[in-house]
$ cat my_file_36.cif   # mmCIF, C-alpha atoms and all ligand atoms
data_final
#
loop_
_atom_site.label_atom_id
_atom_site.label_comp_id
_atom_site.auth_asym_id
_atom_site.auth_seq_id
_atom_site.Cartn_x
_atom_site.Cartn_y
_atom_site.Cartn_z
CA MET A 1 102.75 83.05 68.14
CA ASN A 2 102.22 85.78 70.66
CA MET A 3 105.49 87.67 70.35
CA GLY A 4 103.90 90.91 69.12
CA LEU A 5 102.71 91.80 72.59
CA ARG A 6 106.25 91.97 73.89
CA LEU A 7 107.74 93.98 71.01
CA HIS A 8 108.23 97.75 70.75
CA HIS A 9 106.79 99.71 67.86
CA HIS A 10 110.03 99.97 65.89
CA GLN A 11 110.49 96.21 66.14
CA LEU A 12 106.94 95.64 65.02
CA LEU A 13 107.48 97.88 62.03
CA ARG A 14 110.59 95.96 61.10
CA LEU A 15 108.63 92.74 61.29
CA PHE A 16 105.97 94.23 59.07
CA ALA A 17 108.50 95.61 56.58
CA THR A 18 110.08 92.14 56.30
CA ALA A 19 106.72 90.58 55.72
CA THR A 20 105.74 93.00 52.95
CA SER A 21 109.01 93.18 51.05
CA THR A 22 108.61 89.67 49.66
CA SER A 23 109.53 89.31 46.01
CA THR A 24 107.23 86.37 45.28
CA LYS A 25 103.67 86.95 44.13
CA ARG A 26 102.37 85.02 47.13
CA PRO A 27 101.52 85.60 49.90
CA LEU A 28 100.43 89.07 48.92
CA PHE A 29 99.32 89.92 52.45
CA PRO A 30 101.65 90.19 55.45
CA THR A 31 101.80 86.95 57.36
CA LYS A 32 103.44 88.16 60.61
CA LYS A 33 101.45 89.23 63.60
CA TRP A 34 102.02 92.71 64.86
CA ARG A 35 100.29 94.25 67.79
CA PRO A 36 100.46 97.98 68.46
CA THR A 37 97.50 99.06 70.56
CA LYS A 38 96.18 102.54 69.70
CA PRO A 39 92.88 102.77 67.82
CA ILE A 40 92.43 104.99 64.78
CA PRO A 41 89.03 106.14 63.46
CA THR A 42 87.14 104.65 60.56
CA THR A 43 86.09 107.16 57.94
CA ALA A 44 84.07 107.23 54.76
CA ALA A 45 85.44 106.92 51.26
CA ALA A 46 84.51 110.13 49.46
CA THR A 47 82.62 108.94 46.42
CA THR A 48 80.26 110.18 43.77
CA ALA A 49 77.96 108.34 41.40
CA ALA A 50 80.39 108.72 38.53
CA SER A 51 83.74 108.06 40.09
CA VAL A 52 85.55 106.62 43.02
CA ALA A 53 87.59 109.36 44.62
CA ILE A 54 90.41 108.71 46.99
CA PRO A 55 89.46 110.26 50.33
CA GLU A 56 91.51 113.23 51.44
CA THR A 57 94.35 112.24 53.68
CA THR A 58 94.44 115.38 55.81
CA HIS A 59 90.85 115.74 57.01
CA PRO A 60 88.77 113.10 58.68
CA LEU A 61 85.62 112.46 56.68
CA GLU A 62 82.11 112.04 57.99
CA THR A 63 81.13 108.56 59.08
CA PRO A 64 77.94 107.60 57.22
CA SER A 65 74.83 106.47 59.06
CA GLU A 66 75.19 102.73 58.37
CA THR A 67 78.27 102.58 60.58
CA GLU A 68 77.04 104.96 63.25
CA GLY A 69 78.11 103.82 66.66
CA ALA A 70 80.88 101.67 65.18
CA VAL A 71 83.85 101.39 67.51
CA PRO A 72 87.33 102.25 66.25
CA ILE A 73 89.33 99.21 65.21
CA PRO A 74 92.56 98.58 67.14
CA PHE A 75 95.77 98.63 65.08
CA GLU A 76 96.34 94.93 65.38
CA ARG A 77 93.08 94.17 63.63
CA LEU A 78 93.58 96.56 60.74
CA PHE A 79 94.60 95.38 57.32
CA VAL A 80 97.50 97.42 56.01
CA PRO A 81 97.83 96.85 52.26
CA PRO A 82 101.10 95.39 51.00
CA GLY A 83 103.74 97.95 50.14
CA VAL A 84 102.40 100.50 52.60
CA GLU A 85 104.60 101.75 55.43
CA PHE A 86 102.48 102.29 58.51
CA ASP A 87 103.92 104.05 61.54
CA PRO A 88 101.65 103.77 64.58
CA GLU A 89 103.71 106.49 66.36
CA SER A 90 102.67 109.15 63.85
CA GLN A 91 99.02 108.39 64.58
CA THR A 92 99.24 110.16 67.92
CA LYS A 93 99.56 113.68 66.39
CA GLU A 94 96.99 113.66 63.62
CA PRO A 95 95.14 110.96 61.73
CA PRO A 96 96.96 110.86 58.36
CA LEU A 97 95.68 107.37 57.53
CA ARG A 98 92.13 106.44 56.66
CA VAL A 99 90.26 103.21 57.19
CA LEU A 100 87.61 102.47 54.60
CA THR A 101 84.09 102.71 56.03
CA GLY A 102 82.58 99.45 57.21
CA SER A 103 85.90 97.62 56.97
CA ASN A 104 89.30 97.18 58.61
CA ILE A 105 91.14 98.22 55.43
CA VAL A 106 93.68 101.02 55.57
CA LEU A 107 93.53 103.17 52.46
CA SER A 108 96.80 104.32 50.96
CA PRO A 109 96.74 106.83 48.08
CA LEU A 110 99.97 105.15 46.95
CA TYR A 111 98.20 102.33 45.11
CA ALA A 112 94.49 103.23 45.18
CA ARG A 113 94.22 104.78 41.72
CA ASP A 114 91.98 103.74 38.77
CA ALA A 115 89.27 102.50 41.11
CA GLN A 116 86.23 103.39 39.01
CA VAL A 117 84.58 101.00 36.58
CA THR A 118 84.34 102.35 33.05
CA SER A 119 83.50 99.10 31.25
CA ALA A 120 82.46 95.59 32.19
CA GLU A 121 81.84 92.66 29.86
CA PHE A 122 81.20 88.96 30.19
CA VAL A 123 84.11 87.08 28.66
CA LYS A 124 83.83 83.37 29.23
CA SER A 125 82.27 80.50 31.18
CA SER A 126 84.74 77.75 32.03
CA LYS A 127 84.31 74.35 33.58
CA ARG A 128 87.97 73.77 34.48
CA LYS A 129 90.92 75.93 35.50
CA GLU A 130 92.66 75.03 32.23
CA ASP A 131 89.84 76.65 30.27
CA CYS A 132 90.09 80.02 32.05
CA PRO A 133 91.45 83.06 30.16
CA THR A 134 95.22 83.05 29.77
CA ASP A 135 95.93 86.70 29.11
CA GLY A 136 97.64 87.20 32.47
CA LEU A 137 95.40 89.97 33.79
CA PRO A 138 94.95 90.22 37.57
CA GLU A 139 91.73 88.74 38.93
CA PHE A 140 89.55 88.59 42.03
CA ALA A 141 87.34 85.56 42.64
CA LEU A 142 83.98 85.72 44.40
CA VAL A 143 83.35 82.58 46.41
CA GLY A 144 80.88 81.69 49.12
CA ARG A 145 77.83 79.66 49.98
CA SER A 146 75.09 79.31 47.38
CA ASN A 147 72.74 82.26 47.58
CA VAL A 148 75.10 84.43 49.64
CA GLY A 149 74.97 87.10 46.92
CA LYS A 150 78.10 86.64 44.77
CA SER A 151 76.45 87.45 41.45
CA SER A 152 74.45 90.31 42.98
CA LEU A 153 77.61 91.84 44.43
CA LEU A 154 79.33 91.62 41.06
CA ASN A 155 76.40 93.48 39.48
CA SER A 156 76.49 96.10 42.23
CA ILE A 157 80.22 96.67 41.74
CA VAL A 158 79.91 97.16 37.99
CA ARG A 159 76.57 99.07 38.28
CA ARG A 160 74.79 96.68 35.92
CA LYS A 161 71.58 94.98 37.04
CA LYS A 162 71.90 91.79 35.04
CA LEU A 163 75.47 91.30 33.93
CA ALA A 164 75.79 88.24 36.19
CA LEU A 165 72.61 86.17 36.52
CA THR A 166 71.11 85.95 40.00
CA SER A 167 68.28 83.93 41.51
CA LYS A 168 66.29 83.40 44.70
CA LYS A 169 67.00 79.69 44.27
CA PRO A 170 70.50 78.54 45.28
CA GLY A 171 72.72 77.00 42.63
CA LYS A 172 72.20 79.60 39.89
CA THR A 173 75.86 80.02 38.92
CA GLN A 174 77.31 76.72 37.68
CA CYS A 175 80.54 77.67 35.88
CA ILE A 176 83.54 79.89 36.43
CA ASN A 177 82.47 83.12 34.83
CA HIS A 178 85.09 85.68 33.89
CA PHE A 179 84.03 89.33 33.61
CA LYS A 180 86.56 91.77 32.22
CA ILE A 181 86.63 95.21 33.82
CA ASN A 182 88.10 98.28 32.09
CA ASP A 183 89.80 95.88 29.65
CA SER A 184 92.45 95.35 32.32
CA TRP A 185 91.34 93.03 35.14
CA PHE A 186 88.84 90.28 35.89
CA LEU A 187 86.08 89.72 38.41
CA VAL A 188 85.33 86.00 38.58
CA ASP A 189 81.92 84.71 39.60
CA LEU A 190 82.09 81.15 40.95
CA PRO A 191 79.39 78.61 41.74
CA GLY A 192 78.42 78.54 45.40
CA TYR A 193 79.42 75.85 47.87
CA GLY A 194 77.25 74.18 50.49
CA TYR A 195 74.28 73.76 48.22
CA ALA A 196 72.61 70.77 49.88
CA ALA A 197 70.39 69.97 46.92
CA ALA A 198 73.34 69.50 44.55
CA PRO A 199 74.18 65.88 43.79
CA HIS A 200 77.09 64.50 45.81
CA GLU A 201 79.43 64.06 42.80
CA VAL A 202 78.89 67.66 41.71
CA ARG A 203 79.81 68.91 45.17
CA VAL A 204 82.97 66.80 45.38
CA ASP A 205 83.96 67.90 41.89
CA TRP A 206 83.41 71.53 42.74
CA ASP A 207 85.63 71.25 45.77
CA GLY A 208 88.44 69.69 43.76
CA PHE A 209 88.17 72.31 41.09
CA THR A 210 88.09 75.38 43.32
CA LYS A 211 90.96 74.19 45.45
CA ASP A 212 93.05 73.64 42.33
CA TYR A 213 92.03 77.08 41.07
CA PHE A 214 92.85 78.81 44.36
CA LEU A 215 96.20 77.07 44.77
CA ASN A 216 97.41 77.31 41.18
CA ARG A 217 95.85 80.28 39.44
CA LYS A 218 98.86 82.58 39.14
CA THR A 219 96.88 85.72 38.34
CA LEU A 220 94.58 85.45 41.35
CA VAL A 221 95.22 88.57 43.44
CA SER A 222 92.73 87.82 46.20
CA VAL A 223 89.87 85.47 46.92
CA PHE A 224 86.78 87.27 48.13
CA LEU A 225 85.08 84.98 50.59
CA LEU A 226 81.48 86.14 50.81
CA ILE A 227 79.73 85.63 54.13
CA ASP A 228 76.10 86.43 54.92
CA ALA A 229 76.22 89.06 57.69
CA SER A 230 72.51 88.75 58.43
CA ILE A 231 72.91 85.32 60.06
CA PRO A 232 75.33 83.82 62.61
CA ALA A 233 78.54 82.17 61.32
CA LYS A 234 78.13 78.85 59.54
CA LYS A 235 80.61 76.01 59.97
CA ILE A 236 81.18 75.66 56.25
CA ASP A 237 82.24 79.33 55.99
CA LEU A 238 84.62 78.92 58.92
CA ASP A 239 86.04 75.80 57.25
CA TYR A 240 86.65 77.75 54.06
CA ALA A 241 88.29 80.64 55.87
CA SER A 242 90.47 78.16 57.75
CA TRP A 243 91.48 76.34 54.58
CA LEU A 244 92.39 79.59 52.80
CA GLY A 245 94.35 80.76 55.85
CA LYS A 246 96.29 77.51 56.18
CA ASN A 247 97.21 77.59 52.52
CA GLN A 248 98.22 81.26 52.69
CA ILE A 249 95.86 82.19 49.92
CA PRO A 250 95.19 85.94 50.05
CA MET A 251 91.62 86.37 51.17
CA THR A 252 89.23 89.22 51.83
CA MET A 253 86.10 88.54 53.85
CA VAL A 254 83.19 90.27 52.16
CA PHE A 255 80.12 90.41 54.36
CA THR A 256 76.92 90.53 52.31
CA LYS A 257 73.28 91.48 52.97
CA CYS A 258 74.24 94.11 55.56
CA ASP A 259 70.95 95.87 54.77
CA LYS A 260 69.06 93.06 56.56
CA ARG A 261 68.85 94.43 60.06
CA LYS A 262 65.83 92.65 61.59
CA LYS A 263 67.25 91.07 64.72
CA ARG A 264 64.44 88.66 65.41
CA LYS A 265 64.37 87.32 61.86
CA ASN A 266 68.15 86.99 61.67
CA GLY A 267 69.09 84.95 64.71
CA GLY A 268 69.07 87.83 67.20
CA LYS A 269 72.13 89.76 66.02
CA ARG A 270 72.84 92.81 63.90
CA PRO A 271 75.21 92.51 60.92
CA GLU A 272 77.96 94.31 62.89
CA GLU A 273 77.70 91.73 65.68
CA ASN A 274 77.84 88.80 63.26
CA VAL A 275 80.87 90.37 61.58
CA GLU A 276 82.63 90.77 64.92
CA ASP A 277 81.76 87.20 65.97
CA PHE A 278 83.19 85.87 62.71
CA GLN A 279 86.47 87.73 63.29
CA VAL A 280 86.81 86.16 66.71
CA LEU A 281 86.10 82.67 65.36
CA ILE A 282 88.70 82.85 62.59
CA ARG A 283 91.46 84.66 64.48
CA GLU A 284 93.42 81.47 65.17
CA PHE A 285 93.65 80.65 61.44
CA PHE A 286 95.65 83.77 60.54
CA ASP A 287 98.93 85.34 61.63
CA ALA A 288 97.70 88.81 60.67
CA ALA A 289 94.14 90.10 60.44
CA PRO A 290 92.79 89.54 56.92
CA PRO A 291 90.89 92.40 55.31
CA TRP A 292 87.11 92.45 55.79
CA ILE A 293 84.41 94.69 54.40
CA MET A 294 80.65 95.10 54.85
CA THR A 295 78.46 95.29 51.75
CA SER A 296 74.91 95.27 50.48
CA SER A 297 73.83 94.82 46.89
CA ILE A 298 70.51 96.45 47.74
CA THR A 299 71.88 99.74 49.16
CA ASN A 300 75.27 99.43 47.41
CA GLN A 301 76.96 99.82 50.77
CA GLY A 302 80.65 98.98 50.42
CA ARG A 303 80.72 99.23 46.64
CA ASP A 304 83.18 102.08 46.37
CA GLU A 305 85.21 100.72 49.27
CA MET A 306 85.48 97.36 47.46
CA LEU A 307 86.68 99.16 44.34
CA LEU A 308 89.34 101.08 46.29
CA HIS A 309 90.45 97.91 48.03
CA MET A 310 90.74 96.05 44.73
CA ALA A 311 92.58 98.98 43.15
CA GLN A 312 95.26 99.08 45.79
CA LEU A 313 95.79 95.30 45.73
CA ARG A 314 95.83 95.20 41.94
CA ASN A 315 98.23 98.12 41.48
CA TYR A 316 100.62 96.65 44.04
CA TRP A 317 100.37 93.22 42.36
CA LEU A 318 101.08 94.74 38.92
CA GLN A 319 104.25 96.39 40.19
CA HIS A 320 105.70 93.35 41.97
N1 LIG B 1 68.68 91.79 51.16
C1 LIG B 1 69.66 91.44 50.31
N2 LIG B 1 69.48 90.40 49.46
C2 LIG B 1 70.50 90.06 48.63
C3 LIG B 1 71.75 90.75 48.65
N3 LIG B 1 72.57 90.17 47.74
C4 LIG B 1 71.87 89.17 47.17
N4 LIG B 1 70.62 89.09 47.69
C5 LIG B 1 69.56 88.14 47.30
O1 LIG B 1 70.05 86.81 47.54
C6 LIG B 1 69.63 85.92 46.49
C7 LIG B 1 70.84 85.21 45.90
O2 LIG B 1 71.64 86.14 45.20
P1 LIG B 1 72.73 85.68 44.11
O3 LIG B 1 73.52 86.90 43.79
O4 LIG B 1 72.09 84.96 42.98
O5 LIG B 1 73.59 84.66 44.99
P2 LIG B 1 74.83 83.75 44.53
O6 LIG B 1 75.78 83.73 45.68
O7 LIG B 1 75.38 84.22 43.23
O8 LIG B 1 74.16 82.33 44.40
P3 LIG B 1 74.65 81.03 43.54
O9 LIG B 1 74.95 81.49 42.13
O10 LIG B 1 73.48 80.12 43.60
O11 LIG B 1 75.82 80.45 44.23
C8 LIG B 1 68.85 86.77 45.51
O12 LIG B 1 67.47 86.63 45.82
C9 LIG B 1 69.31 88.18 45.80
O13 LIG B 1 68.35 89.16 45.49
C10 LIG B 1 71.90 91.84 49.56
O14 LIG B 1 72.94 92.51 49.66
N5 LIG B 1 70.83 92.14 50.37
MG MG B 2 75.63 83.28 41.43
#
$ encode --input "my_file_36.cif" --output "structure tokens" --more "lines below"
Ligand SMILES: Nc1nc2c(ncn2[C@@H]2O[C@H](COP(=O)(O)OP(=O)(O)OP(=O)(O)O)[C@@H](O)[C@H]2O)c(=O)[nH]1
Ligand SMILES: [Mg+2]
Amino acid sequence: MNMGLRLHHHQLLRLFATATSTSTKRPLFPTKKWRPTKPIPTTAAATTAASVAIPETTHPLETPSETEGAVPIPFERLFVPPGVEFDPESQTKEPPLRVLTGSNIVLSPLYARDAQVTSAEFVKSSKRKEDCPTDGLPEFALVGRSNVGKSSLLNSIVRRKKLALTSKKPGKTQCINHFKINDSWFLVDLPGYGYAAAPHEVRVDWDGFTKDYFLNRKTLVSVFLLIDASIPAKKIDLDYASWLGKNQIPMTMVFTKCDKRKKRKNGGKRPEENVEDFQVLIREFFDAAPPWIMTSSITNQGRDEMLLHMAQLRNYWLQH
């Protein structure tokens, strides 16, 4: 569908408004393409060690060094959170909207409250979807290849070194692990896919389970598909992105290991280039650009941005 190119801004906005005013829980993200053309700048989330502050909406903030030289993202590739009205026309006078640093995610103060973590506890390991907690709290699931850094990212987000167990050897996480945050929402650590050493039956089983979980878990707000940004795209990650896109399962692409910047060691490309390549490769699977974000569990890059992103999705989800 290429109609966006031929539409005027007010028509595009109407399209977008239709796509976001859905009363069902799914899809949470807009599914229509819209294509205005003016770029807006990416800016930093203003954060401190103790809290996650919502960046000011009237002054552009400094861009931190890790994204220096980053090019502005065109409108059509931005992720505008559900429930947010976004008028490209107003962008010409001043930049009232902010894009979270190292991502394509538009930040709206409307839903981005309660982003800081005040408590985090392990709740339960489950082997099947039926065994998962049933208290109806919103959840985000971390999925990705074995060793991509799911458990490490979870620890980074909650500022605890060993809440989720990590390992240099792939295949560390074997169950669905629910972690309750602030007594009000869950982060879910899943076993990795694509672990070649796992026995065939285990891999087939895993596939069946996760697909059932993704398709039928009512409280799942978004899948976080973790992708290693230090290496070129892998087919299995593209297959996952494609499957999630086809099934309209809300997905955020979380690029990990963005601290690894040695070109020669990492297939000749910087994390930013691998991120851009991945976007190009998955474009055909989605009507609208899915959200993406760059992270590192070593430098904690992207931690506060992840928390703001989750807050605005969660608060919207809770109200609809
Ligand atoms: N440089 C760097 N290394 C990382 C990062 N995140 C994770 N790692 C390393 O990658 C390895 C795997 O991390 P885990 O968090 O256990 O990965 P996982 O995706 O949970 O793996 P499974 O549970 O086996 O599926 C560990 O050696 C981590 O230290 C990161 O952001 N940067
Ligand atoms: Mg793990």
$ atom_distance --input "my_file_36.cif" --atom1 "CA of Phe86 in chain A" --atom2 "CA of Pro72 in chain A"
17.0 Å
$ atom_distance --input "my_file_36.cif" --atom1 "CA of Arg159 in chain A" --atom2 "CA of Thr134 in chain A"
26.0 Å
$ residues_near_ligand --input "my_file_36.cif" --ligand "ligand MG 2 (chain B)" --cutoff "7 Å" --atoms "only C-alpha atoms and all ligand atoms" --output "short mmCIF file (atom, residue, chain, number, x, y, z; two decimals) with C-alpha atoms, in the coordinates of the input"
data_model
loop_
_atom_site.label_atom_id
_atom_site.label_comp_id
_atom_site.auth_asym_id
_atom_site.auth_seq_id
_atom_site.Cartn_x
_atom_site.Cartn_y
_atom_site.Cartn_z
CA ASN A 147 72.74 82.26 47.58
CA GLY A 149 74.97 87.10 46.92
CA LYS A 150 78.10 86.64 44.77
CA SER A 151 76.45 87.45 41.45
CA LEU A 165 72.61 86.17 36.52
CA THR A 166 71.11 85.95 40.00
CA LYS A 172 72.20 79.60 39.89
CA THR A 173 75.86 80.02 38.92
CA ASP A 189 81.92 84.71 39.60
CA LEU A 190 82.09 81.15 40.95
CA PRO A 191 79.39 78.61 41.74
CA GLY A 192 78.42 78.54 45.40
#
$ residues_near_ligand --input "my_file_36.cif" --ligand "ligand LIG 1 (chain B)" --cutoff "10 Å" --atoms "only C-alpha atoms and all ligand atoms" --output "compact mmCIF listing (two decimals) with C-alpha atoms, keeping the file's coordinate frame"
# COMPACT_ATOMS: atom_id res chain seq x y z
CA LEU A 142 83.98 85.72 44.40
CA VAL A 143 83.35 82.58 46.41
CA GLY A 144 80.88 81.69 49.12
CA ARG A 145 77.83 79.66 49.98
CA SER A 146 75.09 79.31 47.38
CA ASN A 147 72.74 82.26 47.58
CA VAL A 148 75.10 84.43 49.64
CA GLY A 149 74.97 87.10 46.92
CA LYS A 150 78.10 86.64 44.77
CA SER A 151 76.45 87.45 41.45
CA SER A 152 74.45 90.31 42.98
CA LEU A 153 77.61 91.84 44.43
CA LEU A 154 79.33 91.62 41.06
CA ASN A 155 76.40 93.48 39.48
CA SER A 156 76.49 96.10 42.23
CA ALA A 164 75.79 88.24 36.19
CA LEU A 165 72.61 86.17 36.52
CA THR A 166 71.11 85.95 40.00
CA SER A 167 68.28 83.93 41.51
CA LYS A 168 66.29 83.40 44.70
CA LYS A 169 67.00 79.69 44.27
CA PRO A 170 70.50 78.54 45.28
CA GLY A 171 72.72 77.00 42.63
CA LYS A 172 72.20 79.60 39.89
CA THR A 173 75.86 80.02 38.92
CA GLN A 174 77.31 76.72 37.68
CA CYS A 175 80.54 77.67 35.88
CA ASP A 189 81.92 84.71 39.60
CA LEU A 190 82.09 81.15 40.95
CA PRO A 191 79.39 78.61 41.74
CA GLY A 192 78.42 78.54 45.40
CA TYR A 193 79.42 75.85 47.87
CA GLY A 194 77.25 74.18 50.49
CA TYR A 195 74.28 73.76 48.22
CA LEU A 226 81.48 86.14 50.81
CA ILE A 227 79.73 85.63 54.13
CA ASP A 228 76.10 86.43 54.92
CA ALA A 229 76.22 89.06 57.69
CA SER A 230 72.51 88.75 58.43
CA PHE A 255 80.12 90.41 54.36
CA THR A 256 76.92 90.53 52.31
CA LYS A 257 73.28 91.48 52.97
CA CYS A 258 74.24 94.11 55.56
CA ASP A 259 70.95 95.87 54.77
CA LYS A 260 69.06 93.06 56.56
CA ARG A 261 68.85 94.43 60.06
CA MET A 294 80.65 95.10 54.85
CA THR A 295 78.46 95.29 51.75
CA SER A 296 74.91 95.27 50.48
CA SER A 297 73.83 94.82 46.89
CA ILE A 298 70.51 96.45 47.74
CA THR A 299 71.88 99.74 49.16
CA ASN A 300 75.27 99.43 47.41
CA GLN A 301 76.96 99.82 50.77
$ closest_residue --input "my_file_36.cif" --among "A:Phe285, A:Asp131, A:Tyr111, A:Lys262" --to "Gly83 in chain A" --atoms "all atoms listed in the file"
A:Tyr111
$ atom_distance --input "my_file_36.cif" --atom1 "CA of Asn315 in chain A" --atom2 "CA of Glu130 in chain A"
25.5 Å
$ closest_residue --input "my_file_36.cif" --among "A:Gly208, A:Pro271, A:Pro290, A:Pro74" --to "Phe224 in chain A" --atoms "all atoms listed in the file"
A:Pro290
$ closest_residue --input "my_file_36.cif" --among "A:Ala120, A:Ala288, A:Val80, A:Ala233" --to "Ser103 in chain A" --atoms "only C-alpha atoms"
A:Val80
$ closest_residue --input "my_file_36.cif" --among "A:Pro133, A:Pro232, A:Ala311, A:Arg217" --to "Gln279 in chain A" --atoms "only C-alpha atoms"
A:Pro232
$ residues_near_point --input "my_file_36.cif" --point "(95.5, 90.1, 32.8)" --cutoff "8 Å" --atoms "only C-alpha atoms" --output "PyMOL selection string"
chain A and resi 134-139+184-186+219
$ axis_aligned_box --input "my_file_36.cif" --around "range 133-144 of chain A" --padding-each-side "3 Å" --output "JSON"
{"center_x": 89.3, "center_y": 86.0, "center_z": 39.1, "size_x": 22.8, "size_y": 14.5, "size_z": 26.0}
$ residues_around --input "my_file_36.cif" --residues "range 251-254 of chain A" --least-positions-apart "3" --cutoff "6 Å" --atoms "only C-alpha atoms" --output "PyMOL selection string"
chain A and resi 222-226+291-293
$ closest_residue --input "my_file_36.cif" --among "A:Leu187, A:Asp304, A:Ile282, A:Lys263" --to "Lys234 in chain A" --atoms "only C-alpha atoms"
A:Ile282
$ closest_residue --input "my_file_36.cif" --among "A:Tyr213, A:Glu121, A:Gln319, A:Arg77" --to "Val280 in chain A" --atoms "only C-alpha atoms"
A:Arg77
